[in-house]
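Q: Below: one structure in structure tokens.
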Amino acid sequence: MRSNTGTEWNGSGAFGMADKTKKTVRKRGYGFGTAPVFLTSVCAIMGAIMFLRFGFALGHVGLLYALLIIVLGHAITIPTGLAVSEIATNLRVGGGGEYYMISRSFGPRIGGTIGVMLYAAQAISVSFYIIGFTEGVKPLVPFIQEQLLDRLPFGMVYDPRMISIPLGLVMFTILLTRGANIGIKLLYVIFAGMMAGVAVFMISPSMAGAPSGITETTANPLPFITVFAIVFPAFTGMTAGVGLSGDLKDPGKSIPKGIMIAIGMGFFVYLAMIIKLYLSAPTESLASNNLIIYDLAKGITPNINLGAVILIGLFGATLSSAVGFALIAPRTLQALSGDKIIPNRTIMDFLKFGRGRENEPTNAMLISSLIAMVFLFLGDLNAVAQIITMFFLITYGSVCLISFMEHFAGNPSYRPTFKTRWYISLVGAVLCFGVMFQFSPIYAIVTLLIMGGIYLSLGYRHKRSRSFAIIFQGVMFQLARFMKINLQRSMSKPDKFNWRPSVIAITTDAKERASPKDVLRWISHHYGFGTLLHLSIGKLDKDTLKASKRIEKDLIREMRMTKANYSVATLVSPSMLTAVAQTVQISGISGLDNNTIMFEFNQNRTEEIPKVMEGIRTAMAASFNTLVLRSTEHNFGTRRNIDLWIMKDDFRNVNLMILLAYIILEHQEWSEADITIHTLFPRGEKAQLAKRVKMLISKGRLPISVRSVRSYSYDSEEEVRSIIKKYSHDSDLTIMGFTLEEIEKEGSDIFTRYPIATDTLFVSAVQDIVIV
């Protein structure tokens, strides 16, 4: 489509700059103003349903619920109209109308998926309104049968398709040969005839036997949601004018004004029509006579049948709606082809072809006419109405969802000159998707599955298109920010009775070493929070920072594959000491402070221990609980058993040790595992430690059997080593405690003095943690 703003839409989803040296700029399409948007929308709004099904709805649900249908319908269309108007003032709106705005907000994958459904609804709507036109011909059926069909040599019985199919062919032929300009000119005449029909009906006399109450219905009424689905196409026309976006001189101005004026006018006309019908005819007549408005108008004067004016209004309304959708459906298909949504290149080139300076979608018009003809053969207005209702609900819900997300995400690039409120768009989206499932859960699910299939197929051709993760990124960012700031403002911290781990795992070999990532993944699976921090020791400069970010991307990809629930970060720092000093001062991803740091080293690389020792002292000085993982080639074995070794100096560590074992046990990889608790005390002392552990297990509702608590006494440190080696030589994970005093007294030997060949997690608790 051509533009008057210095850029040109190239049909592939990108803009190319026009030659700024040119003094003249080509006019955009036909250069229409606000009036065509208003006329296209209002003529589509006040179409076949208003003249042919308002009485039907009133008879089946009563006045109260008929008014509710009007309010509910506008509760969907007003947010959609506001959202469309808002998006139109933020984007350079090109050809394709609603599809253009959806695709430019969601990207080709999602926009194309919704665009296909939208196009189907628009093309089918043409046949819907032509079928409505043929229902208006019913008063003329006796004349047609007697004066025309009965006089034929072979004789024929009247069928509505005798009118609908030729009428569709004539209409598309005119639009194919004359283009959109003739369609817009016709709308002025049609609108005048339609409003004349409404005026005649409003002055028509009443029949005897009007309803006695606002809830009175026919004897066997249809369910409310079914009636709503049949009537809903009366509200779908409000965005018909958006389809002319590529032919508007100033879409940002014309679309908001035209749509909102059309919606407002439609709302008040609908209310007046419903109330007038309620006061004018009996319930049974309303429910069974689709032309009750025509019959009422016939009684205005005895000499002149003013019902003819109603028929003129009906014919004008249905034809205007049909023409409106016949104008916008091909343009949507043309835009879909221009964005390479159509899979076959030959078909795509055929459909995106535009004739003349106005880029008239001739070939797309031809395909749209064929689709309309197929549905004209159905001939059932109610059936076609329910089909297009589902398609339009999906489209409108998506538009409202776009507006809501843009508002909620706080994207600074979203700067519409016309603004709605996020909660209005949210209400519109919820109502659309809610009504879909209320109407037919199976139909809604099938429709969504079809959309999902289209989305997946488009993913192969638009791999670089924005995904759902990118779309919701801004929304999730705002939610996370809101929760984190409010948690911090509350200044509330988990007490010792509600403690949960928030662990930072620091490693200099995050890419190659799996053990620390496994432990962090188990701890942060459900009960805790975790951050994997890859430390690059060295000077921070452009090269080291770039290398660090490259490692971070690799770790994030790995995290996706393993479905880990921890976050990933990288840090360039001169030493482990400075890295820990920086880390302990940063708040956690949960919005609360981190409380635990985990270091790690490989049992065969004891040269790594001095760096770990540097970090331990700093972490403990900052009142952090400290974990040290000694990994081996065992790699946690079959994950069937966890051994806890609790000694006399572990009174402060025991709660954290047991709690970590329980948290790890809750991960599905450890679902078949058992925990065994071993207590060690000097020979001659009472086994108070074992009693305390058994009390914690029984009163703390931990999934550990009291019989799994074992006690041993010893005379020497050598005997302790022997006992641990004997009972934990084949353990999949061993958990042991240590204290700062032991660090100061024995140094790094505390991490190597028990030579078992399994992975060992050393635990030191600084904070108060209570299980019972």
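Following the order of the structure tokens, chains are lettered A, B, ..., residues in each are numbered from 1, and ligands are numbered from 1.
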Could you list, as an mmCIF file with all heavy atoms, in the first residue's frame, every residue within 10 Å of Ser716 in chain A, counting only C-alpha atoms and ignoring same-chain residues fewer than 4 positions away?
A:
```cif
data_model
loop_
_atom_site.group_PDB
_atom_site.id
_atom_site.type_symbol
_atom_site.label_atom_id
_atom_site.label_comp_id
_atom_site.auth_asym_id
_atom_site.auth_seq_id
_atom_site.Cartn_x
_atom_site.Cartn_y
_atom_site.Cartn_z
ATOM 1 N N PRO A 682 30.239 -38.843 71.308
ATOM 2 C CA PRO A 682 31.338 -39.523 72.016
ATOM 3 C C PRO A 682 30.800 -40.592 72.969
ATOM 4 O O PRO A 682 29.750 -40.421 73.588
ATOM 5 C CB PRO A 682 32.019 -38.392 72.780
ATOM 6 C CG PRO A 682 31.656 -37.153 72.033
ATOM 7 C CD PRO A 682 30.267 -37.387 71.531
ATOM 8 N N ARG A 683 31.520 -41.668 73.027
ATOM 9 C CA ARG A 683 31.114 -42.761 73.898
ATOM 10 C C ARG A 683 31.063 -42.284 75.353
ATOM 11 O O ARG A 683 31.931 -41.554 75.823
ATOM 12 C CB ARG A 683 32.093 -43.926 73.770
ATOM 13 C CG ARG A 683 31.544 -45.271 74.304
ATOM 14 C CD ARG A 683 32.570 -46.372 74.129
ATOM 15 N NE ARG A 683 33.072 -46.480 72.767
ATOM 16 C CZ ARG A 683 32.433 -47.121 71.789
ATOM 17 N NH1 ARG A 683 31.274 -47.707 72.021
ATOM 18 N NH2 ARG A 683 32.953 -47.156 70.568
ATOM 19 N N VAL A 720 35.296 -42.324 63.794
ATOM 20 C CA VAL A 720 34.239 -41.574 63.087
ATOM 21 C C VAL A 720 34.377 -41.779 61.585
ATOM 22 O O VAL A 720 33.399 -42.055 60.878
ATOM 23 C CB VAL A 720 34.315 -40.079 63.438
ATOM 24 C CG1 VAL A 720 33.367 -39.289 62.537
ATOM 25 C CG2 VAL A 720 33.982 -39.845 64.891
ATOM 26 N N ARG A 721 35.597 -41.653 61.079
ATOM 27 C CA ARG A 721 35.828 -41.857 59.654
ATOM 28 C C ARG A 721 35.413 -43.254 59.220
ATOM 29 O O ARG A 721 34.810 -43.454 58.162
ATOM 30 C CB ARG A 721 37.297 -41.616 59.310
ATOM 31 C CG ARG A 721 37.765 -40.174 59.459
ATOM 32 C CD ARG A 721 39.160 -40.020 58.864
ATOM 33 N NE ARG A 721 39.664 -38.680 59.027
ATOM 34 C CZ ARG A 721 40.442 -38.278 60.029
ATOM 35 N NH1 ARG A 721 40.805 -39.144 60.964
ATOM 36 N NH2 ARG A 721 40.851 -37.035 60.099
ATOM 37 N N SER A 722 35.756 -44.215 60.052
ATOM 38 C CA SER A 722 35.447 -45.604 59.739
ATOM 39 C C SER A 722 33.940 -45.838 59.687
ATOM 40 O O SER A 722 33.434 -46.529 58.787
ATOM 41 C CB SER A 722 36.095 -46.521 60.777
ATOM 42 O OG SER A 722 35.751 -47.876 60.530
#
```
Q: Using only C-alpha atoms, which residues sit within 9 Å of Ala35 in chain A once same-chain residues fewer than 4 positions away are excluded, as an MDAnalysis selection string?
A: chainID A and resid 39:40 254 258
Q: Find the residues near range 500-504 of chain A: any atom within 7 Å, counting only C-alpha atoms, skip ones fewer than 5 places away on the same chain, and give them as a list in words.
A: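 After dropping sequence-adjacent residues, the list is Tyr527, Gly528, Phe529, Gly530, Thr531, Leu532, Leu533, Asn594, Asn595, Thr596, Ile597 and Met598 of chain A.
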Q: Keeping only N, CA, C and O atoms, write the selected residues as a PDB file, in the first residue's frame.
A:
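What landed in again_17.pdb:
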```pdb
ATOM      1  N   TYR A 527      10.017 -25.240  46.595  1.00  0.00           N
ATOM      2  CA  TYR A 527      10.020 -24.583  47.905  1.00  0.00           C
ATOM      3  C   TYR A 527      10.993 -23.416  47.996  1.00  0.00           C
ATOM      4  O   TYR A 527      10.834 -22.548  48.852  1.00  0.00           O
ATOM      5  N   GLY A 528      12.016 -23.409  47.169  1.00  0.00           N
ATOM      6  CA  GLY A 528      13.038 -22.381  47.311  1.00  0.00           C
ATOM      7  C   GLY A 528      13.241 -21.570  46.054  1.00  0.00           C
ATOM      8  O   GLY A 528      12.590 -21.769  45.024  1.00  0.00           O
ATOM      9  N   PHE A 529      14.157 -20.620  46.158  1.00  0.00           N
ATOM     10  CA  PHE A 529      14.561 -19.789  45.022  1.00  0.00           C
ATOM     11  C   PHE A 529      16.043 -20.007  44.789  1.00  0.00           C
ATOM     12  O   PHE A 529      16.803 -20.256  45.730  1.00  0.00           O
ATOM     13  N   GLY A 530      16.462 -19.921  43.554  1.00  0.00           N
ATOM     14  CA  GLY A 530      17.862 -20.162  43.252  1.00  0.00           C
ATOM     15  C   GLY A 530      18.390 -19.283  42.146  1.00  0.00           C
ATOM     16  O   GLY A 530      17.664 -18.918  41.222  1.00  0.00           O
ATOM     17  N   THR A 531      19.683 -18.947  42.252  1.00  0.00           N
ATOM     18  CA  THR A 531      20.391 -18.202  41.214  1.00  0.00           C
ATOM     19  C   THR A 531      21.722 -18.881  40.966  1.00  0.00           C
ATOM     20  O   THR A 531      22.502 -19.090  41.903  1.00  0.00           O
ATOM     21  N   LEU A 532      21.957 -19.252  39.724  1.00  0.00           N
ATOM     22  CA  LEU A 532      23.245 -19.819  39.338  1.00  0.00           C
ATOM     23  C   LEU A 532      24.138 -18.674  38.881  1.00  0.00           C
ATOM     24  O   LEU A 532      23.847 -18.015  37.889  1.00  0.00           O
ATOM     25  N   LEU A 533      25.229 -18.444  39.622  1.00  0.00           N
ATOM     26  CA  LEU A 533      26.127 -17.333  39.324  1.00  0.00           C
ATOM     27  C   LEU A 533      27.450 -17.880  38.809  1.00  0.00           C
ATOM     28  O   LEU A 533      28.205 -18.521  39.553  1.00  0.00           O
ATOM     29  N   ASN A 594      18.472 -12.755  49.612  1.00  0.00           N
ATOM     30  CA  ASN A 594      19.034 -14.096  49.585  1.00  0.00           C
ATOM     31  C   ASN A 594      19.508 -14.459  50.989  1.00  0.00           C
ATOM     32  O   ASN A 594      19.889 -13.582  51.780  1.00  0.00           O
ATOM     33  N   ASN A 595      19.488 -15.736  51.303  1.00  0.00           N
ATOM     34  CA  ASN A 595      19.893 -16.136  52.660  1.00  0.00           C
ATOM     35  C   ASN A 595      20.931 -17.247  52.687  1.00  0.00           C
ATOM     36  O   ASN A 595      21.422 -17.607  53.754  1.00  0.00           O
ATOM     37  N   THR A 596      21.271 -17.787  51.524  1.00  0.00           N
ATOM     38  CA  THR A 596      22.191 -18.921  51.493  1.00  0.00           C
ATOM     39  C   THR A 596      23.103 -18.819  50.277  1.00  0.00           C
ATOM     40  O   THR A 596      22.646 -18.455  49.188  1.00  0.00           O
ATOM     41  N   ILE A 597      24.378 -19.135  50.468  1.00  0.00           N
ATOM     42  CA  ILE A 597      25.326 -19.195  49.357  1.00  0.00           C
ATOM     43  C   ILE A 597      25.906 -20.599  49.294  1.00  0.00           C
ATOM     44  O   ILE A 597      26.282 -21.178  50.316  1.00  0.00           O
ATOM     45  N   MET A 598      25.956 -21.140  48.090  1.00  0.00           N
ATOM     46  CA  MET A 598      26.532 -22.462  47.879  1.00  0.00           C
ATOM     47  C   MET A 598      27.803 -22.354  47.045  1.00  0.00           C
ATOM     48  O   MET A 598      27.798 -21.777  45.966  1.00  0.00           O
TER      49      MET A 598
END
```
Q: Based on the backbone DSSP call, show me all residues of range 478-603 of chain A assigned alpha helix (DSSP H), as a PDB file with C-alpha atoms, in the first residue's frame.
A:
```pdb
ATOM      1  CA  GLN A 478       5.588  -5.353  35.292  1.00  0.00           C
ATOM      2  CA  LEU A 479       4.072  -8.089  37.461  1.00  0.00           C
ATOM      3  CA  ALA A 480       7.488  -9.086  38.784  1.00  0.00           C
ATOM      4  CA  ARG A 481       8.393  -5.464  39.432  1.00  0.00           C
ATOM      5  CA  PHE A 482       5.109  -4.800  41.211  1.00  0.00           C
ATOM      6  CA  MET A 483       5.454  -7.812  43.491  1.00  0.00           C
ATOM      7  CA  LYS A 484       9.133  -7.247  44.172  1.00  0.00           C
ATOM      8  CA  ILE A 485       8.705  -3.576  45.046  1.00  0.00           C
ATOM      9  CA  ASN A 486       5.723  -4.251  47.278  1.00  0.00           C
ATOM     10  CA  LEU A 487       7.529  -7.051  49.073  1.00  0.00           C
ATOM     11  CA  GLN A 488      10.431  -4.720  49.674  1.00  0.00           C
ATOM     12  CA  ARG A 489       8.195  -1.859  50.786  1.00  0.00           C
ATOM     13  CA  SER A 490       6.459  -4.076  53.287  1.00  0.00           C
ATOM     14  CA  SER A 515      26.528 -31.148  40.060  1.00  0.00           C
ATOM     15  CA  PRO A 516      25.986 -27.617  41.429  1.00  0.00           C
ATOM     16  CA  LYS A 517      23.306 -27.007  38.815  1.00  0.00           C
ATOM     17  CA  ASP A 518      21.551 -30.227  39.829  1.00  0.00           C
ATOM     18  CA  VAL A 519      21.519 -29.354  43.537  1.00  0.00           C
ATOM     19  CA  LEU A 520      20.315 -25.822  42.807  1.00  0.00           C
ATOM     20  CA  ARG A 521      17.619 -27.198  40.500  1.00  0.00           C
ATOM     21  CA  TRP A 522      16.339 -29.553  43.209  1.00  0.00           C
ATOM     22  CA  ILE A 523      16.317 -26.883  45.909  1.00  0.00           C
ATOM     23  CA  LYS A 542      34.878  -5.045  27.124  1.00  0.00           C
ATOM     24  CA  ASP A 543      36.221  -8.487  26.198  1.00  0.00           C
ATOM     25  CA  THR A 544      35.640 -10.181  29.565  1.00  0.00           C
ATOM     26  CA  LEU A 545      32.142  -8.716  29.782  1.00  0.00           C
ATOM     27  CA  LYS A 546      31.313  -9.948  26.282  1.00  0.00           C
ATOM     28  CA  ALA A 547      32.618 -13.428  27.102  1.00  0.00           C
ATOM     29  CA  SER A 548      30.635 -13.439  30.339  1.00  0.00           C
ATOM     30  CA  LYS A 549      27.394 -12.552  28.542  1.00  0.00           C
ATOM     31  CA  ARG A 550      28.053 -15.275  25.987  1.00  0.00           C
ATOM     32  CA  ILE A 551      28.319 -17.820  28.811  1.00  0.00           C
ATOM     33  CA  GLU A 552      25.111 -16.445  30.312  1.00  0.00           C
ATOM     34  CA  LYS A 553      23.237 -17.089  27.050  1.00  0.00           C
ATOM     35  CA  ASP A 554      24.560 -20.647  26.924  1.00  0.00           C
ATOM     36  CA  LEU A 555      23.460 -21.273  30.516  1.00  0.00           C
ATOM     37  CA  ILE A 556      19.991 -19.886  29.816  1.00  0.00           C
ATOM     38  CA  ARG A 557      19.620 -22.223  26.834  1.00  0.00           C
ATOM     39  CA  GLU A 558      20.698 -25.124  29.026  1.00  0.00           C
ATOM     40  CA  MET A 559      18.260 -24.021  31.733  1.00  0.00           C
ATOM     41  CA  ARG A 560      15.409 -24.138  29.214  1.00  0.00           C
ATOM     42  CA  MET A 561      16.328 -27.664  28.170  1.00  0.00           C
ATOM     43  CA  THR A 562      16.472 -28.938  31.756  1.00  0.00           C
ATOM     44  CA  MET A 576      36.207 -14.998  44.930  1.00  0.00           C
ATOM     45  CA  LEU A 577      36.394 -12.710  47.948  1.00  0.00           C
ATOM     46  CA  THR A 578      35.284  -9.616  46.034  1.00  0.00           C
ATOM     47  CA  ALA A 579      32.647 -11.615  44.153  1.00  0.00           C
ATOM     48  CA  VAL A 580      31.025 -12.829  47.365  1.00  0.00           C
ATOM     49  CA  ALA A 581      31.257  -9.351  48.851  1.00  0.00           C
ATOM     50  CA  GLN A 582      29.301  -8.021  45.863  1.00  0.00           C
ATOM     51  CA  THR A 583      26.820 -10.894  45.821  1.00  0.00           C
TER      52      THR A 583
END
```
Q: Which residues are near Leu535 in chain A? Cut-off 9 Å, only C-alpha atoms, ignore same chain within fewer than 4 positions. Put them as an MDAnalysis selection string.
A: chainID A and resid 506:510 548 569:573 575:576 579
Q: Residues of the last selection are to be written out with C-alpha atoms, as a PDB file, in the first residue's frame.
A:
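Saved result, result-v8.pdb, follows:
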```pdb
ATOM      1  CA  ILE A 506      28.693 -19.543  42.872  1.00  0.00           C
ATOM      2  CA  THR A 507      30.893 -21.518  40.500  1.00  0.00           C
ATOM      3  CA  THR A 508      33.764 -20.746  38.158  1.00  0.00           C
ATOM      4  CA  ASP A 509      32.876 -23.675  35.912  1.00  0.00           C
ATOM      5  CA  ALA A 510      29.108 -23.437  35.427  1.00  0.00           C
ATOM      6  CA  SER A 548      30.635 -13.439  30.339  1.00  0.00           C
ATOM      7  CA  ALA A 569      23.655 -14.568  36.146  1.00  0.00           C
ATOM      8  CA  THR A 570      27.317 -13.981  35.385  1.00  0.00           C
ATOM      9  CA  LEU A 571      29.855 -11.846  37.203  1.00  0.00           C
ATOM     10  CA  VAL A 572      33.373 -10.669  36.373  1.00  0.00           C
ATOM     11  CA  SER A 573      35.339  -9.982  39.543  1.00  0.00           C
ATOM     12  CA  SER A 575      38.646 -12.714  43.162  1.00  0.00           C
ATOM     13  CA  MET A 576      36.207 -14.998  44.930  1.00  0.00           C
ATOM     14  CA  ALA A 579      32.647 -11.615  44.153  1.00  0.00           C
TER      15      ALA A 579
END
```
Q: State, in Å with one decimal place, the distance from CA of Phe172 in chain A to CA of Leu140 in chain A.
A: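 About the pair CA of Phe172 in chain A and CA of Leu140 in chain A: they are 24.4 Å apart.
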Q: Using only C-alpha atoms, which residues sit within 9 Å of range 81-92 of chain A once same-chain residues fewer than 3 positions away are excluded, as a VMD selection string?
A: chain A and resid 5 76 to 78 98 101 104 to 105 238 to 239 242 251 to 253 255 to 257 259 to 260 263 396 399 to 404 413 to 421 424 to 425
Q: Output N, CA and C atoms for every residue in the selection just made, as a JSON list (two decimals), in the first residue's frame.
A:
```json
[["chain", "number", "residue", "atom", "x", "y", "z"],
["A", 5, "THR", "N", 3.39, 9.34, 4.16],
["A", 5, "THR", "CA", 4.20, 9.77, 5.29],
["A", 5, "THR", "C", 5.69, 9.56, 5.05],
["A", 76, "ILE", "N", -18.76, -5.75, 24.82],
["A", 76, "ILE", "CA", -17.69, -6.35, 24.03],
["A", 76, "ILE", "C", -17.20, -5.40, 22.95],
["A", 77, "THR", "N", -18.14, -4.76, 22.26],
["A", 77, "THR", "CA", -17.74, -3.94, 21.11],
["A", 77, "THR", "C", -17.17, -2.58, 21.49],
["A", 78, "ILE", "N", -17.64, -2.00, 22.60],
["A", 78, "ILE", "CA", -17.07, -0.70, 23.00],
["A", 78, "ILE", "C", -15.60, -0.84, 23.38],
["A", 98, "GLU", "N", -8.01, -4.50, 10.65],
["A", 98, "GLU", "CA", -7.80, -5.17, 11.92],
["A", 98, "GLU", "C", -6.61, -6.12, 11.85],
["A", 101, "MET", "N", -3.26, -4.32, 12.33],
["A", 101, "MET", "CA", -2.94, -3.91, 13.69],
["A", 101, "MET", "C", -2.59, -5.11, 14.57],
["A", 104, "ARG", "N", 0.92, -6.37, 13.54],
["A", 104, "ARG", "CA", 2.01, -5.48, 13.90],
["A", 104, "ARG", "C", 2.19, -5.40, 15.42],
["A", 105, "SER", "N", 1.21, -5.85, 16.16],
["A", 105, "SER", "CA", 1.35, -5.91, 17.61],
["A", 105, "SER", "C", 1.83, -7.28, 18.07],
["A", 238, "MET", "N", -19.02, -3.06, 13.74],
["A", 238, "MET", "CA", -18.45, -1.77, 14.14],
["A", 238, "MET", "C", -17.01, -1.57, 13.67],
["A", 239, "THR", "N", -16.27, -2.65, 13.40],
["A", 239, "THR", "CA", -14.90, -2.48, 12.90],
["A", 239, "THR", "C", -14.83, -2.63, 11.38],
["A", 242, "VAL", "N", -12.64, -0.24, 9.63],
["A", 242, "VAL", "CA", -11.19, -0.38, 9.79],
["A", 242, "VAL", "C", -10.58, -1.05, 8.58],
["A", 251, "PRO", "N", -5.73, 7.59, 8.78],
["A", 251, "PRO", "CA", -6.36, 6.54, 9.58],
["A", 251, "PRO", "C", -6.39, 6.85, 11.07],
["A", 252, "GLY", "N", -5.32, 7.45, 11.59],
["A", 252, "GLY", "CA", -5.26, 7.75, 13.01],
["A", 252, "GLY", "C", -6.36, 8.67, 13.49],
["A", 253, "LYS", "N", -6.90, 9.46, 12.59],
["A", 253, "LYS", "CA", -7.99, 10.37, 12.94],
["A", 253, "LYS", "C", -9.34, 9.79, 12.55],
["A", 255, "ILE", "N", -10.36, 6.59, 11.89],
["A", 255, "ILE", "CA", -10.81, 5.34, 12.50],
["A", 255, "ILE", "C", -11.44, 5.57, 13.88],
["A", 256, "PRO", "N", -10.77, 6.27, 14.82],
["A", 256, "PRO", "CA", -11.42, 6.48, 16.12],
["A", 256, "PRO", "C", -12.75, 7.20, 16.03],
["A", 257, "LYS", "N", -12.80, 8.29, 15.25],
["A", 257, "LYS", "CA", -14.04, 9.06, 15.15],
["A", 257, "LYS", "C", -15.14, 8.26, 14.49],
["A", 259, "ILE", "N", -15.53, 4.96, 14.10],
["A", 259, "ILE", "CA", -15.97, 3.79, 14.85],
["A", 259, "ILE", "C", -16.83, 4.18, 16.05],
["A", 260, "MET", "N", -16.35, 5.12, 16.83],
["A", 260, "MET", "CA", -17.05, 5.43, 18.08],
["A", 260, "MET", "C", -18.40, 6.11, 17.81],
["A", 263, "ILE", "N", -20.70, 3.21, 16.82],
["A", 263, "ILE", "CA", -21.10, 2.40, 17.98],
["A", 263, "ILE", "C", -22.15, 3.13, 18.81],
["A", 396, "TYR", "N", -12.06, -10.08, 18.27],
["A", 396, "TYR", "CA", -12.26, -8.97, 19.18],
["A", 396, "TYR", "C", -11.55, -9.20, 20.51],
["A", 399, "VAL", "N", -7.89, -8.40, 19.98],
["A", 399, "VAL", "CA", -7.63, -6.95, 19.91],
["A", 399, "VAL", "C", -7.64, -6.34, 21.30],
["A", 400, "CYS", "N", -8.63, -6.71, 22.11],
["A", 400, "CYS", "CA", -8.70, -6.19, 23.49],
["A", 400, "CYS", "C", -7.50, -6.65, 24.31],
["A", 401, "LEU", "N", -7.08, -7.89, 24.07],
["A", 401, "LEU", "CA", -5.93, -8.42, 24.80],
["A", 401, "LEU", "C", -4.66, -7.66, 24.44],
["A", 402, "ILE", "N", -4.51, -7.30, 23.16],
["A", 402, "ILE", "CA", -3.35, -6.51, 22.73],
["A", 402, "ILE", "C", -3.33, -5.18, 23.47],
["A", 403, "SER", "N", -4.47, -4.51, 23.48],
["A", 403, "SER", "CA", -4.54, -3.20, 24.14],
["A", 403, "SER", "C", -4.22, -3.32, 25.64],
["A", 404, "PHE", "N", -4.79, -4.34, 26.27],
["A", 404, "PHE", "CA", -4.53, -4.55, 27.70],
["A", 404, "PHE", "C", -3.05, -4.77, 27.96],
["A", 413, "SER", "N", 7.48, 2.56, 23.87],
["A", 413, "SER", "CA", 7.29, 2.75, 22.42],
["A", 413, "SER", "C", 5.81, 2.76, 22.04],
["A", 414, "TYR", "N", 4.94, 2.43, 23.00],
["A", 414, "TYR", "CA", 3.50, 2.46, 22.74],
["A", 414, "TYR", "C", 2.97, 3.82, 23.17],
["A", 415, "ARG", "N", 2.79, 4.70, 22.18],
["A", 415, "ARG", "CA", 2.42, 6.09, 22.47],
["A", 415, "ARG", "C", 1.22, 6.52, 21.62],
["A", 416, "PRO", "N", 0.06, 5.93, 21.82],
["A", 416, "PRO", "CA", -1.12, 6.33, 21.04],
["A", 416, "PRO", "C", -1.60, 7.72, 21.44],
["A", 417, "THR", "N", -2.12, 8.44, 20.47],
["A", 417, "THR", "CA", -2.68, 9.76, 20.78],
["A", 417, "THR", "C", -4.09, 9.65, 21.33],
["A", 418, "PHE", "N", -4.75, 8.53, 21.05],
["A", 418, "PHE", "CA", -6.07, 8.24, 21.62],
["A", 418, "PHE", "C", -5.88, 7.11, 22.63],
["A", 419, "LYS", "N", -6.24, 7.33, 23.88],
["A", 419, "LYS", "CA", -5.96, 6.35, 24.93],
["A", 419, "LYS", "C", -7.24, 5.87, 25.61],
["A", 420, "THR", "N", -7.31, 4.56, 25.81],
["A", 420, "THR", "CA", -8.37, 3.96, 26.61],
["A", 420, "THR", "C", -7.77, 3.55, 27.95],
["A", 421, "ARG", "N", -8.47, 2.74, 28.72],
["A", 421, "ARG", "CA", -7.98, 2.28, 30.02],
["A", 421, "ARG", "C", -7.75, 0.78, 29.95],
["A", 424, "ILE", "N", -10.67, -1.52, 30.87],
["A", 424, "ILE", "CA", -11.75, -1.61, 29.88],
["A", 424, "ILE", "C", -11.40, -2.68, 28.84],
["A", 425, "SER", "N", -10.15, -2.66, 28.38],
["A", 425, "SER", "CA", -9.71, -3.68, 27.41],
["A", 425, "SER", "C", -9.73, -5.06, 28.03]]
```
Q: With only C-alpha atoms as the atoms that count, which of A:Ala121, A:Ala385, A:Ile275, A:Ile312 lies nearest to Thr226 in chain A?
A: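 Counting only C-alpha atoms, the residue closest to Thr226 in chain A is A:Ala385.
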Q: Could you tell me how far CA of Arg617 in chain A sits from CA of Pro574 in chain A, in Å to one decimal place?
A: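 Interatomic distance here is 17.1 Å.
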Q: Looking at only C-alpha atoms, which of A:His678, A:Arg161, A:His526, A:Arg53 is the one that sits closest to Asn290 in chain A?
A: A:Arg53
Q: For CA of Pro160 in chain A and CA of Ala326 in chain A, quote the distance in Å rounded to one decimal.
A: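 Between these atoms lies a distance of 20.3 Å.
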Q: Could the residues of range 44-122 of chain A that have an atom at most 9 Å from range 428-451 of chain A be listed as JSON lines, each with its closest atom pair and the distance in Å to one decimal, counting only C-alpha atoms and ordered by chain and ascending residue number?
A:
```
{"residue": "A:Leu72", "atom": "CA", "partner": "A:Leu431", "partner_atom": "CA", "distance": 8.4}
{"residue": "A:Ala75", "atom": "CA", "partner": "A:Gly428", "partner_atom": "CA", "distance": 6.5}
{"residue": "A:Ile76", "atom": "CA", "partner": "A:Gly428", "partner_atom": "CA", "distance": 4.9}
{"residue": "A:Thr77", "atom": "CA", "partner": "A:Gly428", "partner_atom": "CA", "distance": 7.5}
{"residue": "A:Ile78", "atom": "CA", "partner": "A:Gly428", "partner_atom": "CA", "distance": 7.9}
{"residue": "A:Pro79", "atom": "CA", "partner": "A:Gly428", "partner_atom": "CA", "distance": 5.3}
{"residue": "A:Thr80", "atom": "CA", "partner": "A:Gly428", "partner_atom": "CA", "distance": 6.6}
{"residue": "A:Ile110", "atom": "CA", "partner": "A:Met451", "partner_atom": "CA", "distance": 8.9}
{"residue": "A:Thr113", "atom": "CA", "partner": "A:Met451", "partner_atom": "CA", "distance": 5.9}
{"residue": "A:Ile114", "atom": "CA", "partner": "A:Met451", "partner_atom": "CA", "distance": 7.2}
{"residue": "A:Val116", "atom": "CA", "partner": "A:Met451", "partner_atom": "CA", "distance": 8.7}
{"residue": "A:Met117", "atom": "CA", "partner": "A:Met451", "partner_atom": "CA", "distance": 7.7}
```
Q: If you run DSSP on this backbone, which residues of range 547-649 of chain A come out as strand (DSSP E or B), and could you give them as an MDAnalysis selection string?
A: chainID A and resid 567:573 587 593 596:602 625:631 641:646
Q: If we count only C-alpha atoms and set the cut-off at 8 Å, which residues sit around Val612 in chain A, ignoring sequence neighbours fewer than 5 positions away in its own chain? Please answer as a PyMOL selection string.
A: chain A and resi 576+599-601
